[in-house]
Amino acid sequence: MAPVLVVARLTVQEASRRRLLLALVILTLIVVGFSAWGFHKITELAQAGEAQLISSQLLIVVTFMFSGVLALSAAVVAGPLISSEVESGLLLAVLARPVRRSEIVIGKWLGLAVLVAIYAGAAGLLEMLAVDWATGYVPPHPIQLIVYVAVEGLALLSLGLVLSTRRWSRGSWAGSAEWSVALGPPSRTTRSRTSASSAG
Amino acid sequence: MPADSPAAPPGGGAAASPAIHTVELTKRFGSTVALAGLTMTVPRGEIFGFLGPNGAGKTTAVKLLLGLLRPTSGEGWLLGQRVGDLATRRRIGYLPELFRYQAWLSAREVLALHCELAPLPRSRWKEAIDGALNIVGLADRAASRVGTFSKGMQQRLGLGAALLGEPELVFLDEPTSALDPIGRHDVRRIIREMAERGTAVFLNSHLLSEVEQVCDRVAVVDHGRVIASGTMQDLLSGSAVRVRVSGLDGQLAKLEAFGPVDDEGEHLTFTKLGPERVPDLVSEIVKLGGRVYEVVPRHQNLEDRFLQLLHEDEPK
């Protein structure tokens, strides 16, 4: 397997073995459960015809909450990722293998990106199914909605990782350019956010 | 400057080229000089001890050689290829001074990860991993998570990872820092076995007795420069004199004609003094009012030589 994929696999493995994913799944299920109950209440309280409108507005709010939490946790996870692994010595033994530094950064990014995408897809789908069950409302652009949530997480993840490697290079490590060039600017991902913002 | 460094860098002829060759390798961090022109040669298949006090530049030298840091100036070759060459790293093992391995993986999985990155052909993984686990004494903990390991066990695991695939050159940076006496004994055995198989071992250490027991050749660094290098025999040809004495308070400076002294209270070791000068030394001590209980001339050991070298290197 190419080193990039090895590092990506290792990143996913770490998240799953450290019970990070399990905790996230449980919390998400609780949130979806509560929101389903809340949406169901709307249909009982609102007058006919109003429920649809309220549901659509509320789904936008809930989506923002999801994307906010996802983006925040992506940044928190990615921020200290590489610099802390250098400080602790975890990367030293790996870097002495025939592996480029850029391969490690891209591999880490890829692993986290897969996690963010899977989470955004699963959580978004679950929430829409819950709302559909409770109110019968389905958003007009469900795929764009999920893409929007995922892309926001990815953008902050990329930024966090780039900054994390730059802090590293400012310390004792040479080749800061190599590190920051490895990922490229995150502008491409932010641009696609505008196209998805009409999703809710 | 070592006398044994060839004038021309070894370019071609990978088989004949030394394991390590450096010319004026220098690293600065801002205004701090970590390594000030390292020039040395490590032959293939030898155990090379790299000695120096804390902060002498030992770990910096290892990181430069492995391509983990870029030199400010100077050049280096590993196994005939320029430092930093990616393909050369397939033939190299490394145990970092600051060792830590993925806590969420088992010992076997960590070694498998290194097999994959090395990269070794998948058909050889099982044999290589089992071999490494046996050599470092972790066979019965192969399935345990690294997070449950003690520091010593993690260091053993790191040594195992460095040995995978029978590399031609292994860097061990303070390989026994977390080990108990049994572990240290094991590591010395492992190092000797590697050398018997033809692996060159670059042993970075400040444990002088350890280096003295296993190394064929040593270099002593201080303030980022090599201040002495050669085979163990070349380096330890001198003799030393150990004296047990009292009543010399504050008068040690008057004995400086007898060379550098290692002052350990009641025991003084004149680290570079021939036996023929013992009578002069004793009469001088007596003249200063000292009382001599014991005088033992002996061959210089590595510690004597090391202290002498550092003493000579001190800016006057």
# chains A, B, ... in the order shown; residues from 1 in each chain; ligands from 1
>>> closest_atom_pairs(of="chain B", to="chain A", cutoff="10 Å", atoms="only C-alpha atoms", output="CSV")
residue,atom,partner,partner_atom,distance
B:Phe29,CA,A:Ser172,CA,7.2
B:Gly30,CA,A:Ser172,CA,9.7
B:Lys63,CA,A:Ala96,CA,8.9
B:Leu66,CA,A:Ala96,CA,6.3
B:Gly67,CA,A:Ala96,CA,7.6
B:Leu68,CA,A:Leu95,CA,7.1
B:Leu69,CA,A:Ala174,CA,6.3
B:Arg70,CA,A:Ala174,CA,6.3
B:Pro71,CA,A:Ala174,CA,9.1
B:Thr72,CA,A:Ala174,CA,9.9
B:Gly84,CA,A:Pro98,CA,9.5
B:Asp85,CA,A:Pro98,CA,8.5
B:Leu86,CA,A:Pro98,CA,5.0
B:Ala87,CA,A:Pro98,CA,6.2
B:Thr88,CA,A:Pro98,CA,7.7
B:Arg89,CA,A:Pro98,CA,5.2
B:Arg90,CA,A:Pro98,CA,6.0
B:Arg91,CA,A:Arg97,CA,9.1
B:Ile92,CA,A:Arg97,CA,7.9
B:Gly93,CA,A:Ala96,CA,7.8
B:Tyr94,CA,A:Ala93,CA,6.5
B:Leu95,CA,A:Ala93,CA,6.7
B:Pro96,CA,A:Ala93,CA,6.5
B:Glu97,CA,A:Gly89,CA,8.5
B:Leu98,CA,A:Gly89,CA,5.3
B:Phe99,CA,A:Gly89,CA,5.7
B:Arg100,CA,A:Leu90,CA,5.0
B:Tyr101,CA,A:Leu90,CA,5.6
B:Gln102,CA,A:Leu90,CA,7.0
B:Ala103,CA,A:Glu14,CA,9.0
B:Trp104,CA,A:Arg17,CA,6.3
B:Leu105,CA,A:Glu14,CA,8.2
B:Leu113,CA,A:Val6,CA,8.0
B:His114,CA,A:Val94,CA,7.4
B:Cys115,CA,A:Arg97,CA,9.7
B:Glu116,CA,A:Met1,CA,7.5
B:Leu117,CA,A:Arg97,CA,6.2
B:Ala118,CA,A:Arg97,CA,5.6
B:Pro119,CA,A:Pro98,CA,7.9
B:Gly158,CA,A:Ala93,CA,8.2
B:Ala161,CA,A:Ala93,CA,8.6
B:Ala162,CA,A:Ala93,CA,8.5
>>> select_by_dssp(residues="segment 20-258 of chain B", states="strand (DSSP E)", output="ChimeraX atom specification")
/B:20-29,32-42,47-51,73-78,81-82,92-95,169-173,200-205,217-222,225-231,239-246
>>> residues_around(residues="segment 283-300 of chain B", least_positions_apart="4", cutoff="12 Å", atoms="only C-alpha atoms", output="PyMOL selection string")
chain B and resi 212+232-258+266-279+304-308
>>> residues_around(residues="Trp77 of chain B", least_positions_apart="6", cutoff="6 Å", atoms="only C-alpha atoms", output="NGL selection string")
:B and (20-21 or 83)
>>> residues_around(residues="Leu79 of chain B", least_positions_apart="4", cutoff="7 Å", atoms="only C-alpha atoms", output="PyMOL selection string")
chain B and resi 14+17-20
>>> atom_distance(atom1="atom CA of Gly160 of chain B", atom2="atom CA of Leu111 of chain B")
7.6 Å
>>> residues_around(residues="Met128 of chain A", least_positions_apart="6", cutoff="12 Å", atoms="only C-alpha atoms", output="list in words")
Val32, Gly33, Ser35, Ala36, Phe39, Ser55, Ser56, Leu58, Leu59, Ile60, Val62, Thr63, Ala120, Gly121, Ala122, Ala134, Thr135, Gly136, Tyr137, Val138, Pro139, Pro140, His141, Pro142, Ile143, Leu145, Ile146 and Gly200 of chain A
>>> closest_residue(among="B:Ser144, B:Asp262, B:Leu281, B:Ser209", to="Asn301 of chain B", atoms="only C-alpha atoms")
B:Ser209
>>> closest_residue(among="B:Leu310, B:Leu172, B:Leu64, B:Leu157", to="Leu133 of chain B", atoms="only C-alpha atoms")
B:Leu157
>>> atom_distance(atom1="atom CA of Gly107 of chain A", atom2="atom CA of Ala142 of chain B")
26.5 Å
>>> residues_around(residues="Ser229 of chain B", least_positions_apart="6", cutoff="12 Å", atoms="only C-alpha atoms", output="tab-separated table (two decimals) with N, CA, C and O atoms, in the first residue's frame")
chain	number	residue	atom	x	y	z
B	1	MET	N	40.23	16.23	14.55
B	1	MET	CA	39.82	15.73	13.23
B	1	MET	C	40.28	14.28	13.07
B	1	MET	O	41.42	13.98	13.35
B	2	PRO	N	39.42	13.38	12.67
B	2	PRO	CA	39.84	11.99	12.60
B	2	PRO	C	40.84	11.78	11.47
B	2	PRO	O	40.74	12.38	10.40
B	3	ALA	N	41.80	10.91	11.73
B	3	ALA	CA	42.83	10.67	10.74
B	3	ALA	C	42.35	9.72	9.67
B	3	ALA	O	42.95	9.62	8.60
B	4	ASP	N	41.24	9.01	9.94
B	4	ASP	CA	40.85	7.93	9.04
B	4	ASP	C	39.81	8.33	8.01
B	4	ASP	O	39.24	7.50	7.35
B	5	SER	N	39.52	9.64	7.88
B	5	SER	CA	38.53	10.02	6.88
B	5	SER	C	39.19	10.21	5.53
B	5	SER	O	40.16	10.94	5.41
B	38	LEU	N	30.97	18.45	11.40
B	38	LEU	CA	31.24	17.05	11.76
B	38	LEU	C	31.86	16.33	10.55
B	38	LEU	O	31.27	16.26	9.49
B	39	THR	N	33.06	15.82	10.74
B	39	THR	CA	33.71	15.04	9.69
B	39	THR	C	34.09	13.70	10.28
B	39	THR	O	34.85	13.64	11.25
B	40	MET	N	33.54	12.64	9.71
B	40	MET	CA	33.86	11.31	10.24
B	40	MET	C	33.49	10.24	9.24
B	40	MET	O	32.76	10.47	8.27
B	41	THR	N	34.01	9.04	9.48
B	41	THR	CA	33.72	7.89	8.64
B	41	THR	C	33.43	6.69	9.52
B	41	THR	O	34.17	6.42	10.46
B	42	VAL	N	32.33	6.01	9.23
B	42	VAL	CA	32.01	4.78	9.95
B	42	VAL	C	32.07	3.64	8.95
B	42	VAL	O	31.31	3.62	7.99
B	48	PHE	N	29.94	1.50	16.05
B	48	PHE	CA	30.55	2.81	16.19
B	48	PHE	C	29.90	3.55	17.35
B	48	PHE	O	28.68	3.75	17.37
B	49	GLY	N	30.68	3.93	18.31
B	49	GLY	CA	30.15	4.66	19.46
B	49	GLY	C	30.32	6.15	19.25
B	49	GLY	O	31.39	6.62	18.90
B	50	PHE	N	29.23	6.88	19.46
B	50	PHE	CA	29.26	8.33	19.28
B	50	PHE	C	29.04	8.93	20.65
B	50	PHE	O	27.94	8.84	21.20
B	51	LEU	N	30.09	9.48	21.23
B	51	LEU	CA	30.04	9.90	22.63
B	51	LEU	C	30.08	11.40	22.76
B	51	LEU	O	30.64	12.09	21.93
B	52	GLY	N	29.55	11.85	23.86
B	52	GLY	CA	29.65	13.27	24.14
B	52	GLY	C	28.77	13.62	25.30
B	52	GLY	O	27.82	12.89	25.59
B	216	ASP	N	33.63	-1.04	18.44
B	216	ASP	CA	34.93	-1.24	17.81
B	216	ASP	C	35.65	0.09	17.69
B	216	ASP	O	36.87	0.16	17.72
B	217	ARG	N	34.87	1.13	17.50
B	217	ARG	CA	35.44	2.43	17.16
B	217	ARG	C	34.57	3.50	17.81
B	217	ARG	O	33.37	3.32	17.95
B	218	VAL	N	35.18	4.59	18.22
B	218	VAL	CA	34.38	5.65	18.82
B	218	VAL	C	34.80	7.02	18.30
B	218	VAL	O	35.91	7.20	17.80
B	219	ALA	N	33.87	7.95	18.39
B	219	ALA	CA	34.20	9.36	18.17
B	219	ALA	C	33.66	10.12	19.37
B	219	ALA	O	32.57	9.81	19.85
B	220	VAL	N	34.42	11.07	19.87
B	220	VAL	CA	33.97	11.88	20.99
B	220	VAL	C	33.65	13.27	20.47
B	220	VAL	O	34.48	13.89	19.80
B	221	VAL	N	32.42	13.72	20.73
B	221	VAL	CA	32.05	15.07	20.30
B	221	VAL	C	31.84	15.97	21.50
B	221	VAL	O	31.39	15.53	22.56
B	222	ASP	N	32.20	17.22	21.33
B	222	ASP	CA	31.92	18.22	22.35
B	222	ASP	C	31.71	19.54	21.62
B	222	ASP	O	32.42	19.84	20.66
B	235	LEU	N	42.44	4.70	21.20
B	235	LEU	CA	42.01	5.75	22.11
B	235	LEU	C	42.44	5.47	23.55
B	235	LEU	O	42.72	6.38	24.31
B	236	LEU	N	42.50	4.19	23.89
B	236	LEU	CA	42.74	3.85	25.29
B	236	LEU	C	44.15	3.31	25.50
B	236	LEU	O	44.38	2.39	26.29
B	305	ARG	N	39.55	8.60	29.65
B	305	ARG	CA	39.91	9.23	28.38
B	305	ARG	C	38.91	10.33	28.02
B	305	ARG	O	39.27	11.40	27.54
B	306	PHE	N	37.64	10.01	28.26
B	306	PHE	CA	36.55	10.95	27.95
B	306	PHE	C	36.72	12.23	28.76
B	306	PHE	O	36.68	13.34	28.22
B	309	LEU	N	39.67	14.18	27.55
B	309	LEU	CA	39.40	14.87	26.29
B	309	LEU	C	38.56	16.12	26.51
B	309	LEU	O	38.85	17.18	25.94
